[in-house]
$ cat structure_23.pdb   # PDB, C-alpha atoms
ATOM      1  CA  MET A   1      -7.561   4.067  12.009
ATOM      2  CA  LEU A   2      -8.239   1.012   9.793
ATOM      3  CA  ARG A   3      -9.867  -2.054  11.294
ATOM      4  CA  ILE A   4     -10.979  -5.341   9.724
ATOM      5  CA  GLU A   5     -13.275  -7.754  11.530
ATOM      6  CA  ASN A   6     -14.092 -11.274  10.314
ATOM      7  CA  LEU A   7     -13.594 -10.368   6.663
ATOM      8  CA  VAL A   8     -14.675 -12.965   4.113
ATOM      9  CA  ALA A   9     -13.998 -12.248   0.424
ATOM     10  CA  GLY A  10     -13.016 -13.879  -2.836
ATOM     11  CA  TYR A  11     -13.796 -14.151  -6.521
ATOM     12  CA  GLY A  12     -17.105 -15.650  -7.572
ATOM     13  CA  LYS A  13     -17.502 -18.989  -5.841
ATOM     14  CA  VAL A  14     -13.846 -19.055  -4.780
ATOM     15  CA  GLN A  15     -13.631 -17.899  -1.165
ATOM     16  CA  VAL A  16     -10.106 -16.607  -0.527
ATOM     17  CA  LEU A  17     -10.323 -14.792   2.816
ATOM     18  CA  GLN A  18     -11.686 -16.987   5.593
ATOM     19  CA  GLY A  19     -12.703 -14.439   8.219
ATOM     20  CA  ILE A  20      -9.604 -12.354   8.950
ATOM     21  CA  SER A  21      -9.326  -9.570  11.534
ATOM     22  CA  LEU A  22      -6.542  -6.996  11.770
ATOM     23  CA  HIS A  23      -5.895  -3.444  12.886
ATOM     24  CA  VAL A  24      -3.757  -0.655  11.415
ATOM     25  CA  PRO A  25      -3.297   2.028  14.103
ATOM     26  CA  GLU A  26      -2.927   5.677  13.167
ATOM     27  CA  GLY A  27       0.624   6.665  12.286
ATOM     28  CA  LYS A  28       1.887   3.075  12.213
ATOM     29  CA  LEU A  29       3.238   0.799   9.501
ATOM     30  CA  VAL A  30       1.672  -2.666   9.523
ATOM     31  CA  THR A  31       2.845  -5.416   7.187
ATOM     32  CA  LEU A  32       0.994  -8.487   5.924
ATOM     33  CA  ILE A  33       3.323 -11.295   4.879
ATOM     34  CA  GLY A  34       2.743 -14.788   3.540
ATOM     35  CA  SER A  35       3.388 -17.054   0.592
ATOM     36  CA  ASN A  36       2.042 -16.443  -2.911
ATOM     37  CA  GLY A  37      -1.674 -17.189  -3.072
ATOM     38  CA  ALA A  38      -2.211 -16.740   0.665
ATOM     39  CA  GLY A  39      -4.727 -13.919   0.141
ATOM     40  CA  LYS A  40      -2.652 -10.801   0.777
ATOM     41  CA  THR A  41      -3.535  -8.955  -2.440
ATOM     42  CA  THR A  42      -7.176 -10.045  -2.100
ATOM     43  CA  THR A  43      -7.197  -8.380   1.318
ATOM     44  CA  LEU A  44      -6.068  -5.041  -0.110
ATOM     45  CA  ARG A  45      -8.523  -5.317  -2.995
ATOM     46  CA  ALA A  46     -11.378  -5.864  -0.561
ATOM     47  CA  LEU A  47     -10.265  -2.877   1.504
ATOM     48  CA  SER A  48     -10.094  -0.492  -1.454
ATOM     49  CA  GLY A  49     -13.334  -1.624  -3.111
ATOM     50  CA  MET A  50     -11.811  -3.473  -6.057
ATOM     51  CA  ILE A  51     -13.799  -6.519  -4.937
ATOM     52  CA  LYS A  52     -16.874  -6.655  -2.719
ATOM     53  CA  PRO A  53     -16.565  -8.616   0.532
ATOM     54  CA  GLU A  54     -19.028 -11.422   1.204
ATOM     55  CA  SER A  55     -19.227 -10.536   4.880
ATOM     56  CA  GLY A  56     -17.343  -8.845   7.675
ATOM     57  CA  LYS A  57     -16.678  -5.281   8.700
ATOM     58  CA  ILE A  58     -14.100  -2.757   7.493
ATOM     59  CA  THR A  59     -13.916   0.591   9.262
ATOM     60  CA  LEU A  60     -11.819   3.572   8.244
ATOM     61  CA  ASN A  61     -11.567   6.175  10.988
ATOM     62  CA  GLY A  62     -14.845   4.827  12.415
ATOM     63  CA  THR A  63     -16.749   4.726   9.100
ATOM     64  CA  ASP A  64     -17.877   1.339   7.764
ATOM     65  CA  ILE A  65     -16.548   1.089   4.193
ATOM     66  CA  ALA A  66     -17.161  -2.608   3.510
ATOM     67  CA  GLY A  67     -18.860  -3.023   0.134
ATOM     68  CA  LEU A  68     -18.639   0.636  -0.874
ATOM     69  CA  PRO A  69     -17.513   1.361  -4.458
ATOM     70  CA  ALA A  70     -13.843   2.207  -4.844
ATOM     71  CA  PHE A  71     -14.372   5.887  -5.656
ATOM     72  CA  LYS A  72     -16.305   6.447  -2.421
ATOM     73  CA  ILE A  73     -13.637   4.666  -0.380
ATOM     74  CA  THR A  74     -10.990   6.860  -2.010
ATOM     75  CA  ARG A  75     -12.959   9.975  -1.127
ATOM     76  CA  LEU A  76     -12.919   8.842   2.509
ATOM     77  CA  GLY A  77      -9.116   8.802   2.435
ATOM     78  CA  LEU A  78      -7.930   5.306   1.535
ATOM     79  CA  ALA A  79      -5.261   5.241  -1.195
ATOM     80  CA  HIS A  80      -4.099   2.048  -2.922
ATOM     81  CA  SER A  81      -0.784   1.597  -4.722
ATOM     82  CA  PRO A  82      -1.715  -1.677  -6.433
ATOM     83  CA  GLU A  83       0.211  -4.763  -7.435
ATOM     84  CA  GLY A  84       1.469  -4.295 -10.995
ATOM     85  CA  ARG A  85       1.567  -0.469 -10.578
ATOM     86  CA  ARG A  86      -1.340   0.263 -12.988
ATOM     87  CA  ILE A  87      -0.131   3.695 -13.938
ATOM     88  CA  PHE A  88      -1.649   5.494 -16.954
ATOM     89  CA  PRO A  89       1.012   4.753 -19.597
ATOM     90  CA  THR A  90      -0.096   7.277 -22.236
ATOM     91  CA  LEU A  91      -0.131  10.183 -19.776
ATOM     92  CA  SER A  92       2.889  12.058 -18.498
ATOM     93  CA  VAL A  93       4.369  11.529 -15.063
ATOM     94  CA  ALA A  94       2.978  14.901 -13.992
ATOM     95  CA  ASP A  95      -0.524  14.091 -15.247
ATOM     96  CA  ASN A  96      -0.507  10.755 -13.417
ATOM     97  CA  MET A  97       0.269  12.618 -10.222
ATOM     98  CA  VAL A  98      -2.479  15.163 -10.806
ATOM     99  CA  LEU A  99      -4.960  12.303 -11.276
ATOM    100  CA  GLY A 100      -3.954  11.026  -7.850
ATOM    101  CA  ALA A 101      -5.220  14.333  -6.460
ATOM    102  CA  PHE A 102      -8.480  14.209  -8.449
ATOM    103  CA  PRO A 103     -10.773  13.902  -5.377
ATOM    104  CA  ARG A 104      -9.058  16.979  -3.944
ATOM    105  CA  LEU A 105      -9.536  18.939  -7.156
ATOM    106  CA  THR A 106     -13.247  18.099  -7.321
ATOM    107  CA  GLY A 107     -13.979  18.960  -3.693
ATOM    108  CA  ALA A 108     -14.475  15.376  -2.540
ATOM    109  CA  ARG A 109     -11.385  15.707  -0.317
ATOM    110  CA  PRO A 110      -9.799  18.793   1.275
ATOM    111  CA  LYS A 111      -7.880  20.478  -1.533
ATOM    112  CA  GLY A 112      -4.860  21.945   0.190
ATOM    113  CA  ASP A 113      -1.938  23.009  -1.992
ATOM    114  CA  VAL A 114      -1.823  20.404  -4.769
ATOM    115  CA  GLN A 115       1.139  21.953  -6.569
ATOM    116  CA  ALA A 116       3.167  22.064  -3.359
ATOM    117  CA  ASP A 117       2.424  18.365  -2.831
ATOM    118  CA  ILE A 118       3.560  17.581  -6.382
ATOM    119  CA  GLU A 119       6.842  19.357  -5.687
ATOM    120  CA  ARG A 120       7.162  17.496  -2.389
ATOM    121  CA  ASN A 121       6.764  14.216  -4.255
ATOM    122  CA  TYR A 122       9.459  15.263  -6.707
ATOM    123  CA  ASP A 123      11.680  15.757  -3.679
ATOM    124  CA  LEU A 124      10.713  12.322  -2.344
ATOM    125  CA  PHE A 125      11.129  10.698  -5.770
ATOM    126  CA  PRO A 126      13.826  12.746  -7.588
ATOM    127  CA  ARG A 127      13.707  10.534 -10.687
ATOM    128  CA  LEU A 128      10.088  11.503 -11.232
ATOM    129  CA  GLY A 129      11.031  15.165 -11.118
ATOM    130  CA  GLU A 130      13.610  14.524 -13.821
ATOM    131  CA  ARG A 131      10.991  12.774 -15.964
ATOM    132  CA  LYS A 132       7.849  14.748 -15.167
ATOM    133  CA  GLU A 133       7.021  15.433 -18.854
ATOM    134  CA  GLN A 134       7.877  11.889 -19.957
ATOM    135  CA  LEU A 135       5.112   9.406 -20.803
ATOM    136  CA  ALA A 136       4.645   7.091 -17.836
ATOM    137  CA  GLY A 137       4.674   4.001 -20.041
ATOM    138  CA  THR A 138       8.274   4.707 -21.057
ATOM    139  CA  LEU A 139       9.567   4.661 -17.469
ATOM    140  CA  SER A 140      11.576   1.775 -16.082
ATOM    141  CA  GLY A 141       9.867  -0.694 -13.761
ATOM    142  CA  GLY A 142      11.344   0.952 -10.705
ATOM    143  CA  GLU A 143      10.296   4.412 -11.842
ATOM    144  CA  GLN A 144       6.761   3.173 -12.531
ATOM    145  CA  GLN A 145       6.610   1.775  -8.993
ATOM    146  CA  MET A 146       7.712   5.123  -7.616
ATOM    147  CA  LEU A 147       5.028   6.815  -9.709
ATOM    148  CA  ALA A 148       2.329   4.458  -8.418
ATOM    149  CA  MET A 149       3.328   5.258  -4.845
ATOM    150  CA  SER A 150       3.548   8.976  -5.579
ATOM    151  CA  ARG A 151       0.132   9.000  -7.247
ATOM    152  CA  ALA A 152      -1.391   7.355  -4.156
ATOM    153  CA  LEU A 153       0.281   9.884  -1.863
ATOM    154  CA  MET A 154      -1.267  12.736  -3.874
ATOM    155  CA  LEU A 155      -4.610  11.866  -2.271
ATOM    156  CA  GLN A 156      -3.127  12.911   1.092
ATOM    157  CA  PRO A 157      -4.581   9.664   2.392
ATOM    158  CA  GLN A 158      -5.527   8.728   5.902
ATOM    159  CA  VAL A 159      -4.289   5.217   5.108
ATOM    160  CA  LEU A 160      -1.933   4.124   2.326
ATOM    161  CA  LEU A 161      -2.100   0.552   1.001
ATOM    162  CA  LEU A 162       1.120  -0.685  -0.644
ATOM    163  CA  ASP A 163       0.847  -3.948  -2.583
ATOM    164  CA  GLU A 164       4.169  -5.616  -3.433
ATOM    165  CA  PRO A 165       6.150  -2.401  -4.069
ATOM    166  CA  SER A 166       9.362  -4.383  -4.657
ATOM    167  CA  MET A 167       7.917  -6.815  -7.203
ATOM    168  CA  GLY A 168      10.131  -7.216 -10.271
ATOM    169  CA  LEU A 169      12.732  -4.709  -9.129
ATOM    170  CA  SER A 170      16.495  -5.107  -8.917
ATOM    171  CA  PRO A 171      18.023  -5.374  -5.424
ATOM    172  CA  LYS A 172      19.292  -1.797  -5.674
ATOM    173  CA  LEU A 173      15.842  -0.440  -6.544
ATOM    174  CA  VAL A 174      14.247  -2.549  -3.813
ATOM    175  CA  GLU A 175      16.594  -0.846  -1.367
ATOM    176  CA  GLU A 176      15.577   2.581  -2.718
ATOM    177  CA  VAL A 177      11.873   1.776  -2.383
ATOM    178  CA  PHE A 178      12.314   0.706   1.236
ATOM    179  CA  ILE A 179      14.281   3.854   2.018
ATOM    180  CA  ILE A 180      11.258   5.823   0.781
ATOM    181  CA  ILE A 181       8.837   3.656   2.780
ATOM    182  CA  ASN A 182      10.934   4.237   5.894
ATOM    183  CA  ARG A 183      10.855   7.979   5.264
ATOM    184  CA  LEU A 184       7.050   7.857   4.981
ATOM    185  CA  LYS A 185       6.967   5.919   8.243
ATOM    186  CA  ARG A 186       8.996   8.625   9.968
ATOM    187  CA  GLU A 187       6.440  11.132   8.708
ATOM    188  CA  LYS A 188       3.754   9.096  10.534
ATOM    189  CA  ILE A 189       1.847   8.126   7.397
ATOM    190  CA  THR A 190      -0.451   5.225   8.267
ATOM    191  CA  MET A 191       0.377   2.270   6.002
ATOM    192  CA  LEU A 192      -0.566  -1.341   5.352
ATOM    193  CA  LEU A 193       2.214  -3.042   3.402
ATOM    194  CA  VAL A 194       1.941  -6.327   1.509
ATOM    195  CA  GLU A 195       5.424  -7.463   0.567
ATOM    196  CA  GLN A 196       7.124 -10.565  -0.846
ATOM    197  CA  PHE A 197      10.402  -9.766   0.927
ATOM    198  CA  ALA A 198       9.266 -10.621   4.428
ATOM    199  CA  ALA A 199      12.588  -9.787   6.073
ATOM    200  CA  ALA A 200      12.628  -6.261   4.639
ATOM    201  CA  ALA A 201       8.955  -5.747   5.501
ATOM    202  CA  LEU A 202       9.409  -6.834   9.122
ATOM    203  CA  GLU A 203      12.541  -4.698   9.407
ATOM    204  CA  VAL A 204      10.635  -1.510   8.570
ATOM    205  CA  ALA A 205       7.199  -2.302  10.072
ATOM    206  CA  ASP A 206       5.831  -1.632  13.553
ATOM    207  CA  TYR A 207       3.457  -4.598  13.545
ATOM    208  CA  GLY A 208       2.996  -7.654  11.381
ATOM    209  CA  TYR A 209       0.482 -10.331  10.442
ATOM    210  CA  VAL A 210       1.237 -13.679   8.831
ATOM    211  CA  MET A 211      -1.325 -15.034   6.358
ATOM    212  CA  GLU A 212      -1.716 -18.677   5.343
ATOM    213  CA  ASN A 213      -4.472 -19.962   3.065
ATOM    214  CA  GLY A 214      -6.766 -17.014   3.658
ATOM    215  CA  ARG A 215      -6.362 -17.005   7.438
ATOM    216  CA  LEU A 216      -4.065 -15.170   9.828
ATOM    217  CA  SER A 217      -1.733 -17.612  11.554
ATOM    218  CA  ALA A 218       0.362 -15.198  13.621
ATOM    219  CA  SER A 219       0.572 -11.537  14.560
ATOM    220  CA  GLY A 220       2.494  -9.211  16.819
ATOM    221  CA  GLU A 221       5.266  -6.671  17.019
ATOM    222  CA  ALA A 222       7.361  -6.874  13.852
ATOM    223  CA  SER A 223      10.526  -7.410  15.882
ATOM    224  CA  ALA A 224       8.941 -10.384  17.661
ATOM    225  CA  LEU A 225       7.761 -11.960  14.412
ATOM    226  CA  LYS A 226      11.196 -11.453  12.888
ATOM    227  CA  ASN A 227      12.676 -13.521  15.707
ATOM    228  CA  ASP A 228       9.930 -16.163  15.805
ATOM    229  CA  PRO A 229      11.496 -19.513  14.791
ATOM    230  CA  ALA A 230       8.441 -20.639  12.790
ATOM    231  CA  VAL A 231       8.235 -17.353  10.888
ATOM    232  CA  ARG A 232      11.982 -17.359  10.255
ATOM    233  CA  ALA A 233      11.869 -20.902   8.912
ATOM    234  CA  ALA A 234       8.835 -20.351   6.693
ATOM    235  CA  TYR A 235       9.367 -16.829   5.363
ATOM    236  CA  LEU A 236      12.867 -15.609   6.194
ATOM    237  CA  GLY A 237      14.817 -18.631   5.021
ATOM    238  CA  GLN A 238      16.203 -19.361   8.467
ATOM    239  CA  ALA A 239      15.348 -22.128  10.893
ATOM    240  CA  HIS A 240      17.050 -20.590  13.902
TER     241      HIS A 240
END
$ encode --input "structure_23.pdb" --output "structure tokens"
Amino acid sequence: MLRIENLVAGYGKVQVLQGISLHVPEGKLVTLIGSNGAGKTTTLRALSGMIKPESGKITLNGTDIAGLPAFKITRLGLAHSPEGRRIFPTLSVADNMVLGAFPRLTGARPKGDVQADIERNYDLFPRLGERKEQLAGTLSGGEQQMLAMSRALMLQPQVLLLDEPSMGLSPKLVEEVFIIINRLKREKITMLLVEQFAAAALEVADYGYVMENGRLSASGEASALKNDPAVRAAYLGQAH
């Protein structure tokens, strides 16, 4: 579904990604873990068109999207729930969700039943249903994260990118977010998850990649990585 080959990207003269290759199969949840500054967020930004790769290939369902502007990548079915949420604070919860469906409303993506999908998201995120007329900027951090994820889902994406969905949240809200991610997994939504809580990410994922200094140092079934002594020592706080 989503494939990266020898991707090199960065910011100006600073080269962050040093030729990474990974694959997100259809209907699977793949996680990318690593320390802060390893290049995880840069990877998602390169995939969604927020930055332009220097070289390498990115294919979405067989279409090369490397270097395309973000709006064209979105139209092809890649949705990004970004680090820091980036919701529209002066718009209501409902309007933020409608904006997530904008390519569907303009004919750039299959329209389907947008209102039914909004109601489905209110079922998935009940707090948003309770606050649908509230300005998004007045929501709590956890509610804003739920809105960012919901807005991305409104695209009806082929692939959903989730960047640090637990960042800044209380342990209870982190648990709620991962319950939702697990539900999306059961619904066979294809996802690439970047997450600071490596243990939680590997618990829910099908496959995993470990990133160090812009390179991938390990990969495999999430269960195998979770039990790898080196991964446990470096990212799970356990040496055995």
$ resolve_selection --input "structure_23.pdb" --expression "the PyMOL selection byres ((chain A and resi 117-128) around 12)" --output "tab-separated table (two decimals) with C-alpha atoms, in the frame of the given file"
chain	number	residue	atom	x	y	z
A	92	SER	CA	2.89	12.06	-18.50
A	93	VAL	CA	4.37	11.53	-15.06
A	94	ALA	CA	2.98	14.90	-13.99
A	95	ASP	CA	-0.52	14.09	-15.25
A	96	ASN	CA	-0.51	10.76	-13.42
A	97	MET	CA	0.27	12.62	-10.22
A	98	VAL	CA	-2.48	15.16	-10.81
A	99	LEU	CA	-4.96	12.30	-11.28
A	100	GLY	CA	-3.95	11.03	-7.85
A	101	ALA	CA	-5.22	14.33	-6.46
A	104	ARG	CA	-9.06	16.98	-3.94
A	111	LYS	CA	-7.88	20.48	-1.53
A	112	GLY	CA	-4.86	21.94	0.19
A	113	ASP	CA	-1.94	23.01	-1.99
A	114	VAL	CA	-1.82	20.40	-4.77
A	115	GLN	CA	1.14	21.95	-6.57
A	116	ALA	CA	3.17	22.06	-3.36
A	129	GLY	CA	11.03	15.16	-11.12
A	130	GLU	CA	13.61	14.52	-13.82
A	131	ARG	CA	10.99	12.77	-15.96
A	132	LYS	CA	7.85	14.75	-15.17
A	133	GLU	CA	7.02	15.43	-18.85
A	134	GLN	CA	7.88	11.89	-19.96
A	135	LEU	CA	5.11	9.41	-20.80
A	136	ALA	CA	4.64	7.09	-17.84
A	139	LEU	CA	9.57	4.66	-17.47
A	140	SER	CA	11.58	1.78	-16.08
A	142	GLY	CA	11.34	0.95	-10.70
A	143	GLU	CA	10.30	4.41	-11.84
A	144	GLN	CA	6.76	3.17	-12.53
A	145	GLN	CA	6.61	1.78	-8.99
A	146	MET	CA	7.71	5.12	-7.62
A	147	LEU	CA	5.03	6.82	-9.71
A	148	ALA	CA	2.33	4.46	-8.42
A	149	MET	CA	3.33	5.26	-4.84
A	150	SER	CA	3.55	8.98	-5.58
A	151	ARG	CA	0.13	9.00	-7.25
A	152	ALA	CA	-1.39	7.36	-4.16
A	153	LEU	CA	0.28	9.88	-1.86
A	154	MET	CA	-1.27	12.74	-3.87
A	155	LEU	CA	-4.61	11.87	-2.27
A	156	GLN	CA	-3.13	12.91	1.09
A	173	LEU	CA	15.84	-0.44	-6.54
A	176	GLU	CA	15.58	2.58	-2.72
A	177	VAL	CA	11.87	1.78	-2.38
A	179	ILE	CA	14.28	3.85	2.02
A	180	ILE	CA	11.26	5.82	0.78
A	181	ILE	CA	8.84	3.66	2.78
A	182	ASN	CA	10.93	4.24	5.89
A	183	ARG	CA	10.86	7.98	5.26
A	184	LEU	CA	7.05	7.86	4.98
A	187	GLU	CA	6.44	11.13	8.71
$ closest_residue --input "structure_23.pdb" --among "A:Ala9, A:Ala230, A:Ala224, A:Met191" --to "Thr43 (chain A)" --atoms "all atoms listed in the file"
A:Ala9
$ closest_atom_pairs --input "structure_23.pdb" --of "region 14-115 of chain A" --to "region 1-7 of chain A" --cutoff "7 Å" --atoms "all atoms listed in the file" --output "tab-separated table"
residue	atom	partner	partner_atom	distance
A:Leu17	CA	A:Leu7	CA	6.7
A:Gln18	CA	A:Leu7	CA	7.0
A:Gly19	CA	A:Asn6	CA	4.0
A:Ile20	CA	A:Asn6	CA	4.8
A:Ser21	CA	A:Glu5	CA	4.3
A:Leu22	CA	A:Ile4	CA	5.2
A:His23	CA	A:Arg3	CA	4.5
A:Val24	CA	A:Leu2	CA	5.0
A:Pro25	CA	A:Met1	CA	5.2
A:Glu26	CA	A:Met1	CA	5.0
A:Ser55	CA	A:Leu7	CA	5.9
A:Gly56	CA	A:Leu7	CA	4.2
A:Lys57	CA	A:Glu5	CA	5.1
A:Ile58	CA	A:Ile4	CA	4.6
A:Thr59	CA	A:Arg3	CA	5.2
A:Leu60	CA	A:Leu2	CA	4.7
A:Asn61	CA	A:Met1	CA	4.6
$ closest_residue --input "structure_23.pdb" --among "A:Arg109, A:Arg75, A:Arg215, A:Lys172" --to "Val16 (chain A)" --atoms "only C-alpha atoms"
A:Arg215
$ residues_around --input "structure_23.pdb" --residues "region 195-205 of chain A" --least-positions-apart "3" --cutoff "7 Å" --atoms "all atoms listed in the file" --output "PyMOL selection string"
chain A and resi 29-31+33+163-165+182+208+222-223+226+235-236
$ write_last_selection --input "structure_23.pdb" --atoms "C-alpha atoms" --output "PDB file, keeping the file's coordinate frame"
ATOM      1  CA  LEU A  29       3.238   0.799   9.501  1.00  0.00           C
ATOM      2  CA  VAL A  30       1.672  -2.666   9.523  1.00  0.00           C
ATOM      3  CA  THR A  31       2.845  -5.416   7.187  1.00  0.00           C
ATOM      4  CA  ILE A  33       3.323 -11.295   4.879  1.00  0.00           C
ATOM      5  CA  ASP A 163       0.847  -3.948  -2.583  1.00  0.00           C
ATOM      6  CA  GLU A 164       4.169  -5.616  -3.433  1.00  0.00           C
ATOM      7  CA  PRO A 165       6.150  -2.401  -4.069  1.00  0.00           C
ATOM      8  CA  ASN A 182      10.934   4.237   5.894  1.00  0.00           C
ATOM      9  CA  GLY A 208       2.996  -7.654  11.381  1.00  0.00           C
ATOM     10  CA  ALA A 222       7.361  -6.874  13.852  1.00  0.00           C
ATOM     11  CA  SER A 223      10.526  -7.410  15.882  1.00  0.00           C
ATOM     12  CA  LYS A 226      11.196 -11.453  12.888  1.00  0.00           C
ATOM     13  CA  TYR A 235       9.367 -16.829   5.363  1.00  0.00           C
ATOM     14  CA  LEU A 236      12.867 -15.609   6.194  1.00  0.00           C
TER      15      LEU A 236
END
$ closest_residue --input "structure_23.pdb" --among "A:Ser81, A:Thr63, A:Ser219, A:Ser48" --to "Val194 (chain A)" --atoms "all atoms listed in the file"
A:Ser81
$ closest_residue --input "structure_23.pdb" --among "A:Pro53, A:Gly107, A:Gly34, A:Gly27" --to "Gly67 (chain A)" --atoms "all atoms listed in the file"
A:Pro53
$ residues_around --input "structure_23.pdb" --residues "region 35-37 of chain A" --least-positions-apart "3" --cutoff "9 Å" --atoms "only C-alpha atoms" --output "list in words"
Val16, Lys40, Thr41, Gln196, Met211, Glu212, Asn213, Gly214, Ala234 and Tyr235 of chain A
$ atom_distance --input "structure_23.pdb" --atom1 "CA of Gly141 (chain A)" --atom2 "CA of Pro89 (chain A)"
11.9 Å
$ closest_residue --input "structure_23.pdb" --among "A:Ile51, A:Ala108, A:Val159, A:Leu78" --to "Thr190 (chain A)" --atoms "only C-alpha atoms"
A:Val159
$ closest_residue --input "structure_23.pdb" --among "A:Ala79, A:Ala218, A:Leu105, A:Met167" --to "Ile189 (chain A)" --atoms "all atoms listed in the file"
A:Ala79
$ atom_distance --input "structure_23.pdb" --atom1 "CA of Gly137 (chain A)" --atom2 "CA of Ser166 (chain A)"
18.1 Å
$ atom_distance --input "structure_23.pdb" --atom1 "CA of Thr106 (chain A)" --atom2 "CA of Thr138 (chain A)"
28.8 Å
